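Source file: final_34.txt (compact mmCIF, C-alpha atoms and all ligand atoms)
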# COMPACT_ATOMS: atom_id res chain seq x y z
CA MET A 86 94.62 154.89 53.06
CA SER A 87 94.83 157.46 50.25
CA GLU A 88 94.32 156.47 46.62
CA ALA A 89 96.08 157.71 43.48
CA TYR A 90 94.30 160.69 41.93
CA SER A 91 95.28 162.18 38.56
CA LYS A 92 95.64 165.95 38.08
CA GLU A 93 92.37 165.89 36.07
CA ASP A 94 90.57 164.12 38.92
CA GLU A 95 91.93 166.68 41.36
CA LEU A 96 90.79 169.60 39.22
CA ALA A 97 87.31 168.09 38.80
CA ILE A 98 86.94 167.60 42.57
CA LEU A 99 88.18 171.12 43.35
CA ASP A 100 85.89 172.58 40.69
CA MET A 101 82.90 170.85 42.30
CA ILE A 102 83.93 172.17 45.75
CA ASN A 103 84.53 175.71 44.43
CA LYS A 104 81.02 175.80 42.96
CA TRP A 105 79.47 174.48 46.17
CA VAL A 106 81.33 176.99 48.33
CA ASP A 107 80.53 179.97 46.11
CA ASN A 108 76.88 179.04 45.44
CA ASP A 109 75.78 177.46 48.73
CA VAL A 110 78.21 178.14 51.59
CA ARG A 111 79.32 181.77 51.24
CA PRO A 112 75.80 183.25 50.78
CA ILE A 113 74.43 181.78 54.03
CA ALA A 114 77.49 182.12 56.29
CA GLN A 115 76.60 185.43 57.90
CA LYS A 116 72.98 184.46 58.61
CA TYR A 117 73.79 181.17 60.36
CA ASP A 118 76.84 182.56 62.17
CA HIS A 119 74.92 185.48 63.63
CA ALA A 120 71.99 183.27 64.66
CA ASP A 121 74.38 180.58 65.96
CA GLU A 122 72.09 178.17 64.14
CA TYR A 123 73.16 174.76 62.84
CA PRO A 124 73.32 174.69 59.00
CA HIS A 125 71.45 171.41 58.43
CA GLU A 126 71.11 172.13 54.70
CA LEU A 127 74.91 172.30 54.30
CA VAL A 128 75.28 168.97 56.10
CA GLU A 129 72.91 167.34 53.61
CA GLN A 130 74.95 168.83 50.76
CA MET A 131 78.18 167.55 52.37
CA LYS A 132 76.68 164.04 52.32
CA GLU A 133 75.92 164.36 48.59
CA LEU A 134 79.43 165.65 47.90
CA GLY A 135 80.93 162.66 49.70
CA LEU A 136 82.77 164.85 52.20
CA PHE A 137 82.02 162.55 55.15
CA GLY A 138 84.09 159.89 53.42
CA ALA A 139 86.70 162.22 51.91
CA THR A 140 89.76 160.63 53.54
CA ILE A 141 88.25 157.21 54.35
CA SER A 142 89.59 154.42 52.10
CA GLN A 143 87.70 153.35 48.99
CA GLU A 144 87.66 149.86 50.52
CA TYR A 145 85.01 151.17 52.93
CA GLY A 146 83.22 153.29 50.33
CA GLY A 147 85.12 156.55 50.91
CA MET A 148 87.02 158.71 48.43
CA GLY A 149 90.44 157.94 49.92
CA LEU A 150 91.66 161.44 49.09
CA PRO A 151 95.32 162.21 49.72
CA ALA A 152 95.99 164.91 52.33
CA SER A 153 97.29 167.21 49.56
CA ILE A 154 93.88 167.35 47.82
CA TYR A 155 91.91 167.27 51.05
CA ALA A 156 93.85 170.31 52.36
CA LYS A 157 92.92 172.28 49.22
CA ILE A 158 89.24 171.49 49.82
CA VAL A 159 89.51 172.68 53.41
CA ILE A 160 91.30 175.91 52.38
CA LYS A 161 88.52 176.70 49.91
CA VAL A 162 85.71 176.06 52.41
CA ALA A 163 87.43 178.07 55.17
CA SER A 164 88.13 180.94 52.78
CA ALA A 165 84.35 181.48 52.70
CA TRP A 166 83.39 180.27 56.19
CA MET A 167 85.64 178.33 58.54
CA ALA A 168 82.96 176.78 60.76
CA PRO A 169 81.29 174.19 58.46
CA GLY A 170 84.67 172.56 57.82
CA GLY A 171 84.50 171.43 61.44
CA VAL A 172 81.50 169.24 60.63
CA PHE A 173 83.55 166.95 58.38
CA ASN A 174 87.05 167.62 59.78
CA SER A 175 86.37 166.35 63.30
CA HIS A 176 84.30 163.51 61.84
CA LEU A 177 87.22 162.43 59.62
CA ILE A 178 89.69 162.54 62.52
CA GLN A 179 87.31 160.24 64.39
CA ALA A 180 87.10 157.96 61.33
CA SER A 181 90.87 158.00 61.01
CA ALA A 182 91.20 156.70 64.59
CA VAL A 183 88.96 153.75 63.63
CA GLU A 184 90.72 153.12 60.31
CA ARG A 185 94.26 153.39 61.74
CA CYS A 186 93.70 151.60 65.04
CA GLY A 187 90.43 149.63 64.89
CA THR A 188 90.05 145.88 64.51
CA ALA A 189 89.00 144.51 61.10
CA GLU A 190 85.50 143.92 62.51
CA GLN A 191 85.25 147.51 63.81
CA LYS A 192 86.38 148.99 60.49
CA ALA A 193 83.88 146.90 58.50
CA ARG A 194 81.04 147.71 60.92
CA ILE A 195 81.68 151.43 61.47
CA LEU A 196 83.45 153.02 58.47
CA PRO A 197 80.83 152.44 55.72
CA ARG A 198 78.24 154.14 57.98
CA MET A 199 80.60 157.07 58.56
CA VAL A 200 81.22 157.47 54.82
CA THR A 201 77.53 158.12 54.13
CA GLY A 202 77.13 160.41 57.12
CA GLU A 203 74.66 158.01 58.74
CA LEU A 204 77.13 158.06 61.62
CA ARG A 205 78.55 161.54 62.15
CA GLY A 206 80.69 162.74 64.98
CA GLY A 207 83.97 163.93 66.36
CA ILE A 208 86.58 163.35 69.00
CA ALA A 209 86.12 163.75 72.74
CA LEU A 210 89.55 164.22 74.27
CA THR A 211 89.51 167.49 76.23
CA GLU A 212 88.22 167.75 79.81
CA PRO A 213 87.74 170.76 82.07
CA ASN A 214 91.13 170.09 83.66
CA ALA A 215 92.97 168.48 80.76
CA GLY A 216 93.60 170.03 77.34
CA SER A 217 97.27 170.19 76.33
CA ASP A 218 98.06 167.62 79.02
CA LEU A 219 95.71 164.90 77.79
CA GLN A 220 97.18 162.25 80.04
CA ALA A 221 95.63 164.11 82.98
CA ILE A 222 92.06 163.14 81.97
CA ASN A 223 89.72 161.90 84.70
CA THR A 224 86.98 160.18 82.68
CA VAL A 225 87.09 156.49 83.54
CA ALA A 226 85.78 153.31 81.92
CA VAL A 227 85.39 150.24 84.12
CA LYS A 228 84.86 146.74 82.70
CA ASP A 229 81.50 145.15 83.61
CA GLY A 230 80.83 141.83 81.89
CA ASP A 231 80.75 142.41 78.11
CA ASP A 232 80.48 146.17 78.61
CA TYR A 233 82.42 149.08 80.03
CA ILE A 234 80.78 151.74 82.20
CA ILE A 235 81.96 155.31 81.50
CA ASN A 236 81.84 158.16 84.03
CA GLY A 237 83.28 161.64 83.56
CA ALA A 238 82.92 164.95 81.75
CA LYS A 239 84.37 166.14 78.45
CA THR A 240 84.35 169.75 77.33
CA TRP A 241 84.64 171.71 74.06
CA ILE A 242 83.47 168.71 72.04
CA THR A 243 82.62 169.66 68.46
CA ASN A 244 79.73 167.86 66.67
CA SER A 245 78.52 166.29 69.92
CA LEU A 246 74.99 167.77 69.80
CA ASN A 247 74.11 167.33 66.12
CA GLY A 248 76.28 164.27 65.50
CA ASN A 249 75.51 160.81 66.83
CA SER A 250 78.91 159.29 67.66
CA LEU A 251 82.20 160.18 69.34
CA ALA A 252 85.67 158.70 69.79
CA VAL A 253 86.06 159.09 73.55
CA LEU A 254 89.40 159.05 75.36
CA VAL A 255 89.15 157.53 78.85
CA LYS A 256 91.27 156.06 81.61
CA THR A 257 90.95 152.29 82.02
CA ASP A 258 93.75 152.29 84.62
CA THR A 259 94.24 155.31 86.86
CA GLU A 260 97.31 154.02 88.71
CA ILE A 261 99.70 152.81 86.00
CA GLN A 262 102.85 154.78 85.07
CA PRO A 263 103.61 156.22 82.59
CA ARG A 264 100.09 157.65 82.61
CA HIS A 265 99.42 157.11 78.90
CA LYS A 266 99.42 153.34 79.43
CA GLY A 267 96.21 153.74 81.41
CA THR A 268 94.31 155.39 78.54
CA SER A 269 91.91 153.78 76.05
CA MET A 270 89.64 155.03 73.29
CA PHE A 271 86.04 153.97 72.70
CA PHE A 272 83.83 154.41 69.68
CA VAL A 273 80.57 155.57 71.24
CA GLU A 274 77.22 155.86 69.47
CA THR A 275 75.52 158.59 71.48
CA LYS A 276 71.94 158.43 70.14
CA ASP A 277 69.21 155.84 69.50
CA SER A 278 67.65 155.34 66.07
CA ALA A 279 65.06 158.06 66.84
CA GLY A 280 67.88 160.59 67.39
CA ASN A 281 67.54 160.80 71.19
CA PHE A 282 70.61 160.70 73.43
CA LEU A 283 71.10 157.33 75.09
CA PRO A 284 70.69 157.07 78.88
CA GLY A 285 73.84 158.22 80.69
CA ILE A 286 74.80 160.96 78.21
CA GLU A 287 74.06 164.64 78.70
CA VAL A 288 75.16 167.26 76.16
CA ILE A 289 75.18 170.98 76.94
CA LYS A 290 75.84 173.46 74.12
CA MET A 291 78.49 176.13 74.83
CA LYS A 292 78.30 179.76 73.67
CA LYS A 293 81.37 180.83 71.69
CA LEU A 294 83.11 183.96 70.45
CA GLY A 295 83.48 182.49 66.98
CA TYR A 296 83.17 179.14 65.19
CA ARG A 297 79.47 179.66 65.68
CA ALA A 298 76.61 177.66 64.17
CA ILE A 299 78.61 174.46 64.70
CA ASP A 300 77.89 172.73 68.00
CA THR A 301 80.65 172.59 70.61
CA CYS A 302 79.47 171.17 73.93
CA GLU A 303 80.12 169.73 77.33
CA VAL A 304 79.44 165.99 77.28
CA VAL A 305 78.75 164.30 80.61
CA PHE A 306 78.83 160.51 80.98
CA THR A 307 77.02 159.07 84.01
CA ASN A 308 77.17 155.28 84.26
CA PHE A 309 77.06 155.16 80.46
CA ARG A 310 77.28 151.61 79.13
CA VAL A 311 79.29 150.84 75.98
CA SER A 312 79.98 147.40 74.54
CA ALA A 313 83.56 146.11 74.93
CA ASN A 314 83.37 145.53 71.12
CA ASN A 315 83.74 149.30 70.78
CA LEU A 316 87.10 149.54 72.54
CA ILE A 317 89.11 150.77 69.53
CA GLY A 318 91.69 148.16 68.60
CA GLY A 319 90.28 145.77 71.20
CA ILE A 320 93.13 146.33 73.68
CA GLU A 321 93.26 148.66 76.68
CA GLY A 322 96.14 151.09 77.19
CA LYS A 323 96.48 152.40 73.62
CA GLY A 324 94.15 155.43 73.79
CA PHE A 325 96.73 158.20 74.05
CA ILE A 326 98.88 156.76 71.24
CA GLN A 327 95.73 156.35 69.10
CA ALA A 328 94.71 159.95 69.78
CA VAL A 329 98.07 161.57 69.07
CA GLY A 330 98.67 159.26 66.08
CA GLY A 331 95.98 161.21 64.23
CA LEU A 332 97.47 164.57 64.99
CA GLU A 333 99.65 164.85 61.88
CA LEU A 334 96.56 164.81 59.65
CA GLY A 335 94.66 166.85 62.22
CA ARG A 336 97.33 169.54 62.15
CA ILE A 337 97.35 169.65 58.35
CA ASN A 338 93.56 170.14 58.56
CA VAL A 339 93.80 172.97 61.06
CA ALA A 340 96.62 174.55 59.05
CA ALA A 341 94.35 174.46 55.99
CA ARG A 342 91.56 176.13 57.93
CA GLY A 343 93.98 178.85 59.08
CA ALA A 344 95.24 179.34 55.52
CA GLY A 345 91.63 179.51 54.32
CA ILE A 346 90.82 182.27 56.80
CA ALA A 347 93.99 184.13 55.75
CA LEU A 348 93.03 183.77 52.08
CA GLY A 349 89.39 184.78 52.58
CA ALA A 350 90.27 187.82 54.72
CA THR A 351 92.86 188.92 52.15
CA GLU A 352 90.38 188.54 49.28
CA LEU A 353 87.80 190.65 51.13
CA ALA A 354 90.43 193.29 51.95
CA VAL A 355 91.75 193.52 48.37
CA LYS A 356 88.22 194.06 47.08
CA TYR A 357 87.31 196.64 49.71
CA ALA A 358 90.60 198.52 49.24
CA GLN A 359 89.63 199.12 45.60
CA GLU A 360 86.11 200.27 46.45
CA ARG A 361 86.83 202.59 49.38
CA GLU A 362 88.17 206.03 48.57
CA THR A 363 89.89 208.52 50.86
CA PHE A 364 91.69 211.74 49.94
CA GLY A 365 90.53 211.41 46.34
CA LYS A 366 91.77 207.90 45.59
CA ALA A 367 91.00 204.25 46.30
CA ILE A 368 92.75 203.23 49.50
CA CYS A 369 94.63 200.48 47.64
CA ASN A 370 96.69 203.34 46.20
CA HIS A 371 97.91 204.44 49.64
CA GLN A 372 101.28 202.91 50.42
CA ALA A 373 100.29 202.00 54.01
CA ILE A 374 97.50 199.79 52.63
CA GLN A 375 99.75 198.36 49.90
CA LEU A 376 102.26 197.25 52.54
CA LYS A 377 99.50 195.44 54.42
CA LEU A 378 98.14 193.69 51.33
CA GLY A 379 101.64 192.67 50.23
CA GLU A 380 102.38 191.14 53.62
CA MET A 381 99.01 189.38 53.81
CA ALA A 382 99.27 187.84 50.34
CA THR A 383 102.81 186.62 51.05
CA LYS A 384 101.71 184.92 54.27
CA VAL A 385 98.85 183.19 52.44
CA GLU A 386 101.23 181.73 49.86
CA ALA A 387 103.83 180.74 52.48
CA ALA A 388 101.09 178.99 54.49
CA ARG A 389 99.96 177.11 51.38
CA LEU A 390 103.50 175.95 50.64
CA LEU A 391 104.09 174.71 54.19
CA ILE A 392 100.79 172.81 54.06
CA GLU A 393 101.70 171.32 50.67
CA GLN A 394 105.07 170.19 52.00
CA ALA A 395 103.56 168.52 55.09
CA ALA A 396 100.76 166.92 53.05
CA GLU A 397 103.19 165.50 50.47
CA LYS A 398 105.26 163.86 53.21
CA TYR A 399 102.11 162.56 54.88
CA ASP A 400 100.85 161.09 51.60
CA ALA A 401 104.23 159.44 51.01
CA GLY A 402 103.84 157.69 54.37
CA GLU A 403 106.78 159.58 55.91
CA ARG A 404 106.92 160.96 59.44
CA CYS A 405 105.84 164.61 59.23
CA ASP A 406 105.00 165.77 62.75
CA MET A 407 107.53 168.61 62.49
CA GLU A 408 106.32 169.75 59.07
CA ALA A 409 102.67 169.44 60.10
CA GLY A 410 103.45 171.39 63.29
CA MET A 411 105.19 174.15 61.30
CA ALA A 412 102.29 174.34 58.85
CA LYS A 413 99.73 174.44 61.66
CA TYR A 414 101.65 177.10 63.58
CA PHE A 415 102.41 179.35 60.61
CA ALA A 416 99.07 179.05 58.80
CA SER A 417 96.96 179.63 61.92
CA GLU A 418 99.02 182.69 62.83
CA ALA A 419 98.65 183.85 59.21
CA GLY A 420 94.87 183.54 59.66
CA VAL A 421 94.95 185.77 62.74
CA TYR A 422 97.36 188.23 61.11
CA CYS A 423 95.37 188.58 57.89
CA ALA A 424 92.03 188.85 59.70
CA ASN A 425 93.49 191.58 61.94
CA GLU A 426 94.99 193.50 59.05
CA ALA A 427 91.79 193.18 57.04
CA MET A 428 89.90 194.69 60.01
CA ARG A 429 92.20 197.72 59.86
CA ILE A 430 91.72 198.03 56.09
CA PHE A 431 87.94 198.00 56.57
CA GLY A 432 88.32 200.81 59.12
CA GLY A 433 85.13 201.50 61.08
CA TYR A 434 83.11 199.19 58.83
CA SER A 435 85.08 196.25 60.20
CA TYR A 436 82.93 196.65 63.32
CA SER A 437 79.70 196.48 61.37
CA VAL A 438 77.93 193.12 61.47
CA GLU A 439 76.78 193.87 57.93
CA TYR A 440 80.24 193.00 56.64
CA ASP A 441 81.71 189.50 56.73
CA ILE A 442 85.15 190.49 57.92
CA GLU A 443 84.26 190.56 61.64
CA ARG A 444 83.44 186.82 61.39
CA TYR A 445 86.94 186.00 60.11
CA TYR A 446 88.36 188.02 63.00
CA ARG A 447 86.26 186.04 65.54
CA ASP A 448 86.97 182.67 63.90
CA ALA A 449 90.71 183.02 63.33
CA MET A 450 92.07 182.65 66.87
CA LEU A 451 90.60 179.18 67.36
CA MET A 452 93.06 177.74 64.85
CA CYS A 453 95.94 178.83 67.13
CA ILE A 454 94.39 176.84 70.02
CA GLY A 455 92.86 173.66 68.57
CA GLU A 456 94.77 170.49 67.64
CA GLY A 457 97.65 171.42 69.97
CA THR A 458 98.17 175.07 70.87
CA ASN A 459 100.78 177.07 68.95
CA GLU A 460 102.93 177.17 72.08
CA MET A 461 102.94 173.35 72.05
CA GLN A 462 103.69 173.30 68.30
CA ARG A 463 106.85 175.33 68.75
CA ILE A 464 107.95 173.12 71.63
CA ILE A 465 107.44 170.03 69.41
CA ILE A 466 109.36 171.67 66.54
CA SER A 467 112.21 172.59 68.87
CA LYS A 468 112.44 169.07 70.33
CA GLN A 469 112.61 167.61 66.82
CA LEU A 470 115.35 170.03 65.87
CA VAL A 471 117.46 169.07 68.86
CA GLU A 472 116.91 165.39 68.01
CA LYS A 473 117.86 166.01 64.37
CA TYR A 474 120.97 168.09 65.04
CA LYS A 475 122.15 166.33 68.20
CA ILE A 476 125.75 167.14 69.11
C1 LIG B 501 85.76 176.01 69.83
C2 LIG B 501 86.57 174.87 70.32
C3 LIG B 501 86.36 173.60 69.80
C4 LIG B 501 87.06 172.51 70.31
N1 LIG B 501 86.78 171.25 69.83
C5 LIG B 501 87.33 170.17 70.46
C6 LIG B 501 86.92 168.84 70.12
O1 LIG B 501 86.11 168.62 69.22
N2 LIG B 501 87.44 167.81 70.82
C7 LIG B 501 88.34 167.99 71.84
O2 LIG B 501 88.77 167.01 72.45
N3 LIG B 501 88.76 169.25 72.17
C8 LIG B 501 88.28 170.34 71.51
N4 LIG B 501 88.67 171.59 71.86
C9 LIG B 501 89.62 171.77 72.95
C10 LIG B 501 91.02 172.19 72.50
O3 LIG B 501 91.64 171.13 71.85
C11 LIG B 501 91.77 172.65 73.77
O4 LIG B 501 91.18 173.87 74.18
C12 LIG B 501 93.22 172.82 73.50
O5 LIG B 501 93.86 171.57 73.34
C13 LIG B 501 93.94 173.57 74.65
O6 LIG B 501 93.65 173.00 75.88
P1 LIG B 501 93.17 173.93 77.10
O7 LIG B 501 92.10 174.80 76.60
O8 LIG B 501 92.88 173.05 78.25
O9 LIG B 501 94.42 174.83 77.42
P2 LIG B 501 95.62 174.49 78.44
O10 LIG B 501 96.18 173.16 78.12
O11 LIG B 501 95.13 174.74 79.82
O12 LIG B 501 96.67 175.61 78.04
C14 LIG B 501 96.56 176.97 78.49
C15 LIG B 501 97.78 177.75 78.00
O13 LIG B 501 98.99 177.16 78.54
C16 LIG B 501 99.87 176.79 77.49
N5 LIG B 501 100.58 175.58 77.85
C17 LIG B 501 100.05 174.41 78.32
N6 LIG B 501 101.03 173.52 78.56
C18 LIG B 501 102.20 174.11 78.22
C19 LIG B 501 103.58 173.72 78.22
N7 LIG B 501 103.97 172.47 78.57
N8 LIG B 501 104.51 174.60 77.82
C20 LIG B 501 104.16 175.85 77.41
N9 LIG B 501 102.88 176.28 77.37
C21 LIG B 501 101.92 175.43 77.77
C22 LIG B 501 98.96 176.57 76.26
O14 LIG B 501 99.69 176.72 75.05
C23 LIG B 501 97.95 177.69 76.47
O15 LIG B 501 98.51 178.91 76.03
C24 LIG B 501 88.04 172.70 71.31
C25 LIG B 501 88.28 173.99 71.81
C26 LIG B 501 87.55 175.06 71.33
C27 LIG B 501 87.81 176.42 71.92

As C-alpha cells - that is how I would like this structure written.
Amino acid sequence: MSEAYSKEDELAILDMINKWVDNDVRPIAQKYDHADEYPHELVEQMKELGLFGATISQEYGGMGLPASIYAKIVIKVASAWMAPGGVFNSHLIQASAVERCGTAEQKARILPRMVTGELRGGIALTEPNAGSDLQAINTVAVKDGDDYIINGAKTWITNSLNGNSLAVLVKTDTEIQPRHKGTSMFFVETKDSAGNFLPGIEVIKMKKLGYRAIDTCEVVFTNFRVSANNLIGGIEGKGFIQAVGGLELGRINVAARGAGIALGATELAVKYAQERETFGKAICNHQAIQLKLGEMATKVEAARLLIEQAAEKYDAGERCDMEAGMAKYFASEAGVYCANEAMRIFGGYSYSVEYDIERYYRDAMLMCIGEGTNEMQRIIISKQLVEKYKI
C-alpha cells in the first residue's frame, strides 16, 4: 500500500538516490559488469537506503513509496547501470505477492524481514519449457502432512544465488481445467541461517550477454520440503492469478529500467558528440548526428510520460494493465533504440570495452523480453482496445 509523500519528500528521496548513483554505482559499474562479479557492497548500501522496503507498506516497516516515485528511482539507477536495479526490483515483486495475496500471519512473519534485506529474493516463474505460457509449468508440489514436497526445475531466476528466498510458482493439480486453477505459489526460504542452500535445492549460475554481475540461475527442486504455512494466501489454485496480479507494477518497473537505459545512453552520446571532432568540427554539429540525438531525447521524454501516466493510475488504485503494457513496450524499445544509436555515435569506440556504451547495448534488449515480451504486450494492448471499443 503506497503512502502519501509531499513534493519535498519526493525531492529529498530522489536527491539521496542521485548522490548514491553518481558517487557509488556509476564508478564501479564497468568493473563488476566485465568481471560478472556480484556487487555485495552495493547491496549493503541498498539496505541502508531502505530500497528493499521501498514499495512495502509502512505498516511492515517499509517506505510505502508510490509507483510514481519508485519509477523515478529506477530510471536514475538504470541510467547509470541497469543490473543492480534487479536486486531490489525482483525482490519487491516477490514482496508484493506476499503483501497482496498473503495471509495476515504470512505478511507479519515475512514482510518486516524483507524490508531490512534479511530476506532477499525474487520470483521463480519461468521454466525451460514455459515462459510466456506460464500455465504450462511442470514443477509440482504435493501435500505431505503439514508440508508440501516440490519437484521441478526453474530457469532464468534472478537473485536465486545471492538471495535467500523465492516466490515459486508450482502446479498443485496437473489435471484441472482451465490450467491456471491448478497453480499455486509458495514463499520458499532457500538457505539455512549459515547461508547454505537447504537440502533439495540446487542453483546453477547462467552466463549472460548482459545484465551481468547480478545472478540469474537455474533452480532445481528435488523432493524439497516446504511448510504448508508458506502456501501464499493459504489456498491452492491461486498461483497464476497471484503471479499476473503483480505484473502491472512489474511492467512499470521494467519500463523504468528501459527508460533509464535510454536516458543513460543518450547522456553518454550527447557528451561524446561534443568531444569527438571530424572534418574540423565536433560531431554534434553534423546534421546526421543532430537527427539522432533529437530522436533519442524525444523517445526518452515520451517513455517518461508513459511511465508517469501508468504509475499515476496504479497509485490511484485504477486498472492500468494497458497503460503499464504501453509504457513497458515503448520504454524498453526506446532503451534498445537509444543504445543502438549511441553505439553509432561512438563509432569504432563503441566496440571498445573501455567505454561504458557497449554495456548499455548489451543490457537493453533484456527489457524487451522480461516481464512479458513486447510481442505479448502488444497483444494485451490490442485485446484491451477491442474490449474498450467493442462494436
Ligand atoms: C536475464 C533474464 C532474467 C530473467 N529473470 C527472471 C526471473 O527472475 N524470474 C522468472 O520467472 N523469469 C525470469 N526470466 C525469464 C523471462 O521472464 C522469460 O524469458 C520471458 O517471459 C519469455 O519467456 P521465454 O524465454 O520462454 O520465451 P517464449 O515464451 O518461448 O517466447 C519466444 C518468442 O515467442 C513469442 N511468443 C510466445 N507466445 C506468443 C504468442 N501467443 N503470440 C505471439 N508471440 C508469442 C515471444 O514474444 C518470443 O518472441 C528472465 C529472463 C532473462 C533472459

When you draw a straight line from CA of Ala221 (chain A) to CA of Arg264 (chain A), how long is it in Å?
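Result for CA of Ala221 (chain A) versus CA of Arg264 (chain A): 7.9 Å, one decimal.
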
Need the shell around region 187-204 of chain A: protein/DNA/RNA residues with any atom at most 7 Å away, counting all atoms listed in the file. Skip same-chain ones fewer than 2 positions apart. Format as a compact mmCIF listing (two decimals) with C-alpha atoms, in the frame of the given file?
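Everything below was put into out-v1.txt:
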# COMPACT_ATOMS: atom_id res chain seq x y z
CA LYS A 132 76.68 164.04 52.32
CA PHE A 137 82.02 162.55 55.15
CA GLY A 138 84.09 159.89 53.42
CA TYR A 145 85.01 151.17 52.93
CA GLY A 146 83.22 153.29 50.33
CA GLY A 147 85.12 156.55 50.91
CA ALA A 180 87.10 157.96 61.33
CA VAL A 183 88.96 153.75 63.63
CA GLU A 184 90.72 153.12 60.31
CA ARG A 185 94.26 153.39 61.74
CA GLY A 206 80.69 162.74 64.98
CA ASN A 249 75.51 160.81 66.83
CA SER A 250 78.91 159.29 67.66
CA ILE A 317 89.11 150.77 69.53
CA GLY A 318 91.69 148.16 68.60
CA GLY A 319 90.28 145.77 71.20

Within 8 Å of Val288 (chain A), counting all atoms listed in the file, which residues show up once you throw out same-chain ones fewer than 6 positions away? Write them as a PDB file with C-alpha atoms, in the coordinates of the input, please.
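Once everything was written out, this is result-v9.pdb:
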ATOM      1  CA  SER A 245      78.520 166.290  69.920  1.00  0.00           C
ATOM      2  CA  LEU A 246      74.990 167.770  69.800  1.00  0.00           C
ATOM      3  CA  CYS A 302      79.470 171.170  73.930  1.00  0.00           C
ATOM      4  CA  GLU A 303      80.120 169.730  77.330  1.00  0.00           C
ATOM      5  CA  VAL A 304      79.440 165.990  77.280  1.00  0.00           C
ATOM      6  CA  VAL A 305      78.750 164.300  80.610  1.00  0.00           C
TER       7      VAL A 305
END

With a distance cut-off of 9 Å and all atoms listed in the file, select the neighbouring residues of Gly335 (chain A), excluding the residue or stretch itself and same-chain residues fewer than 4 positions from it, and output the selection as a VMD selection string.
chain A and resid 174 to 175 178 331 339 to 340 409 456

Neighbouring residues of Tyr296 (chain A) were defined as those with any atom within 9 Å, considering only C-alpha atoms; residues of the same chain fewer than 2 positions away were excluded. Please report them as a list in words.
Asp118, Asp121, Met167, Ala168, Pro169, Gly171, Lys293, Leu294, Ala298, Ile299, Asp300, Thr301, Arg444, Arg447, Asp448, Ala449 and Leu451 of chain A

Calculate how many Å separate CA of Ala152 (chain A) from CA of Ala347 (chain A), rounding to one decimal.
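CA of Ala152 (chain A) sits 19.6 Å away from CA of Ala347 (chain A).
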
Could you tell me how far CA of Asn281 (chain A) lies from CA of Asp231 (chain A), in Å and to one decimal?
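Going from CA of Asn281 (chain A) over to CA of Asp231 (chain A) covers 23.7 Å.
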
List every protein, DNA or RNA residue with an atom no more than 8 Å from (88.8, 169.6, 55.4) in the file's coordinates, counting all atoms listed in the file, and format the result as number ranges by chain.
A: 155-160, 162, 170-171, 173-174, 338, 341-342

Do you know which residues are at most 12 Å from Met101 (chain A) counting only C-alpha atoms, after dropping those on the same chain fewer than 2 positions away, and could you put them as a PDB file with C-alpha atoms, keeping the file's coordinate frame?
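Saved to selection23.pdb:
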ATOM      1  CA  ASP A  94      90.570 164.120  38.920  1.00  0.00           C
ATOM      2  CA  GLU A  95      91.930 166.680  41.360  1.00  0.00           C
ATOM      3  CA  LEU A  96      90.790 169.600  39.220  1.00  0.00           C
ATOM      4  CA  ALA A  97      87.310 168.090  38.800  1.00  0.00           C
ATOM      5  CA  ILE A  98      86.940 167.600  42.570  1.00  0.00           C
ATOM      6  CA  LEU A  99      88.180 171.120  43.350  1.00  0.00           C
ATOM      7  CA  ASN A 103      84.530 175.710  44.430  1.00  0.00           C
ATOM      8  CA  LYS A 104      81.020 175.800  42.960  1.00  0.00           C
ATOM      9  CA  TRP A 105      79.470 174.480  46.170  1.00  0.00           C
ATOM     10  CA  VAL A 106      81.330 176.990  48.330  1.00  0.00           C
ATOM     11  CA  ASP A 107      80.530 179.970  46.110  1.00  0.00           C
ATOM     12  CA  ASN A 108      76.880 179.040  45.440  1.00  0.00           C
ATOM     13  CA  ASP A 109      75.780 177.460  48.730  1.00  0.00           C
ATOM     14  CA  GLN A 130      74.950 168.830  50.760  1.00  0.00           C
ATOM     15  CA  MET A 131      78.180 167.550  52.370  1.00  0.00           C
ATOM     16  CA  GLU A 133      75.920 164.360  48.590  1.00  0.00           C
ATOM     17  CA  LEU A 134      79.430 165.650  47.900  1.00  0.00           C
ATOM     18  CA  GLY A 135      80.930 162.660  49.700  1.00  0.00           C
ATOM     19  CA  LEU A 136      82.770 164.850  52.200  1.00  0.00           C
ATOM     20  CA  ILE A 158      89.240 171.490  49.820  1.00  0.00           C
ATOM     21  CA  LYS A 161      88.520 176.700  49.910  1.00  0.00           C
ATOM     22  CA  VAL A 162      85.710 176.060  52.410  1.00  0.00           C
TER      23      VAL A 162
END

Pick from A:Asn425, A:Phe431, A:Tyr233, A:Glu321, whichever lies nearest to Glu360 (chain A) using all atoms listed in the file
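When distances to Glu360 (chain A) are compared using all atoms listed in the file, the smallest one comes from A:Phe431.
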
Which residue, A:Ser467, A:Gln220, A:Gln394, A:Ser164, has the smallest gap to Val329 (chain A) when you use only C-alpha atoms?
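Using only C-alpha atoms, the shortest distance to Val329 (chain A) belongs to A:Gln220.
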
Between A:Ser91, A:Gln469, A:Thr224, A:Asn247, which is the closest to Tyr123 (chain A) once you count all atoms listed in the file?
A:Asn247

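Proximity ranking of A:Met428, A:Ala165, A:Leu316, A:Leu177 relative to Ile235 (chain A) places A:Leu316 first, based on all atoms listed in the file.
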
In terms of all atoms listed in the file, the residue from A:Ala350, A:Gln375, A:Glu260, A:Glu362 at minimal distance from Ser435 (chain A) is A:Ala350

List every protein, DNA or RNA residue that has at least one atom no more than 12 Å from (82.2, 193.4, 59.9) in the file's coordinates, counting all atoms listed in the file, and write the result as JSON, numbers by chain.
{"A": [115, 119, 350, 353, 354, 357, 424, 425, 427, 428, 429, 430, 431, 432, 433, 434, 435, 436, 437, 438, 439, 440, 441, 442, 443, 444, 445, 446, 447]}

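Each of A:Gly248, A:Lys266, A:Lys228, A:Arg297 was compared to Val311 (chain A) using all atoms listed in the file, and A:Lys228 turns out to be the nearest.
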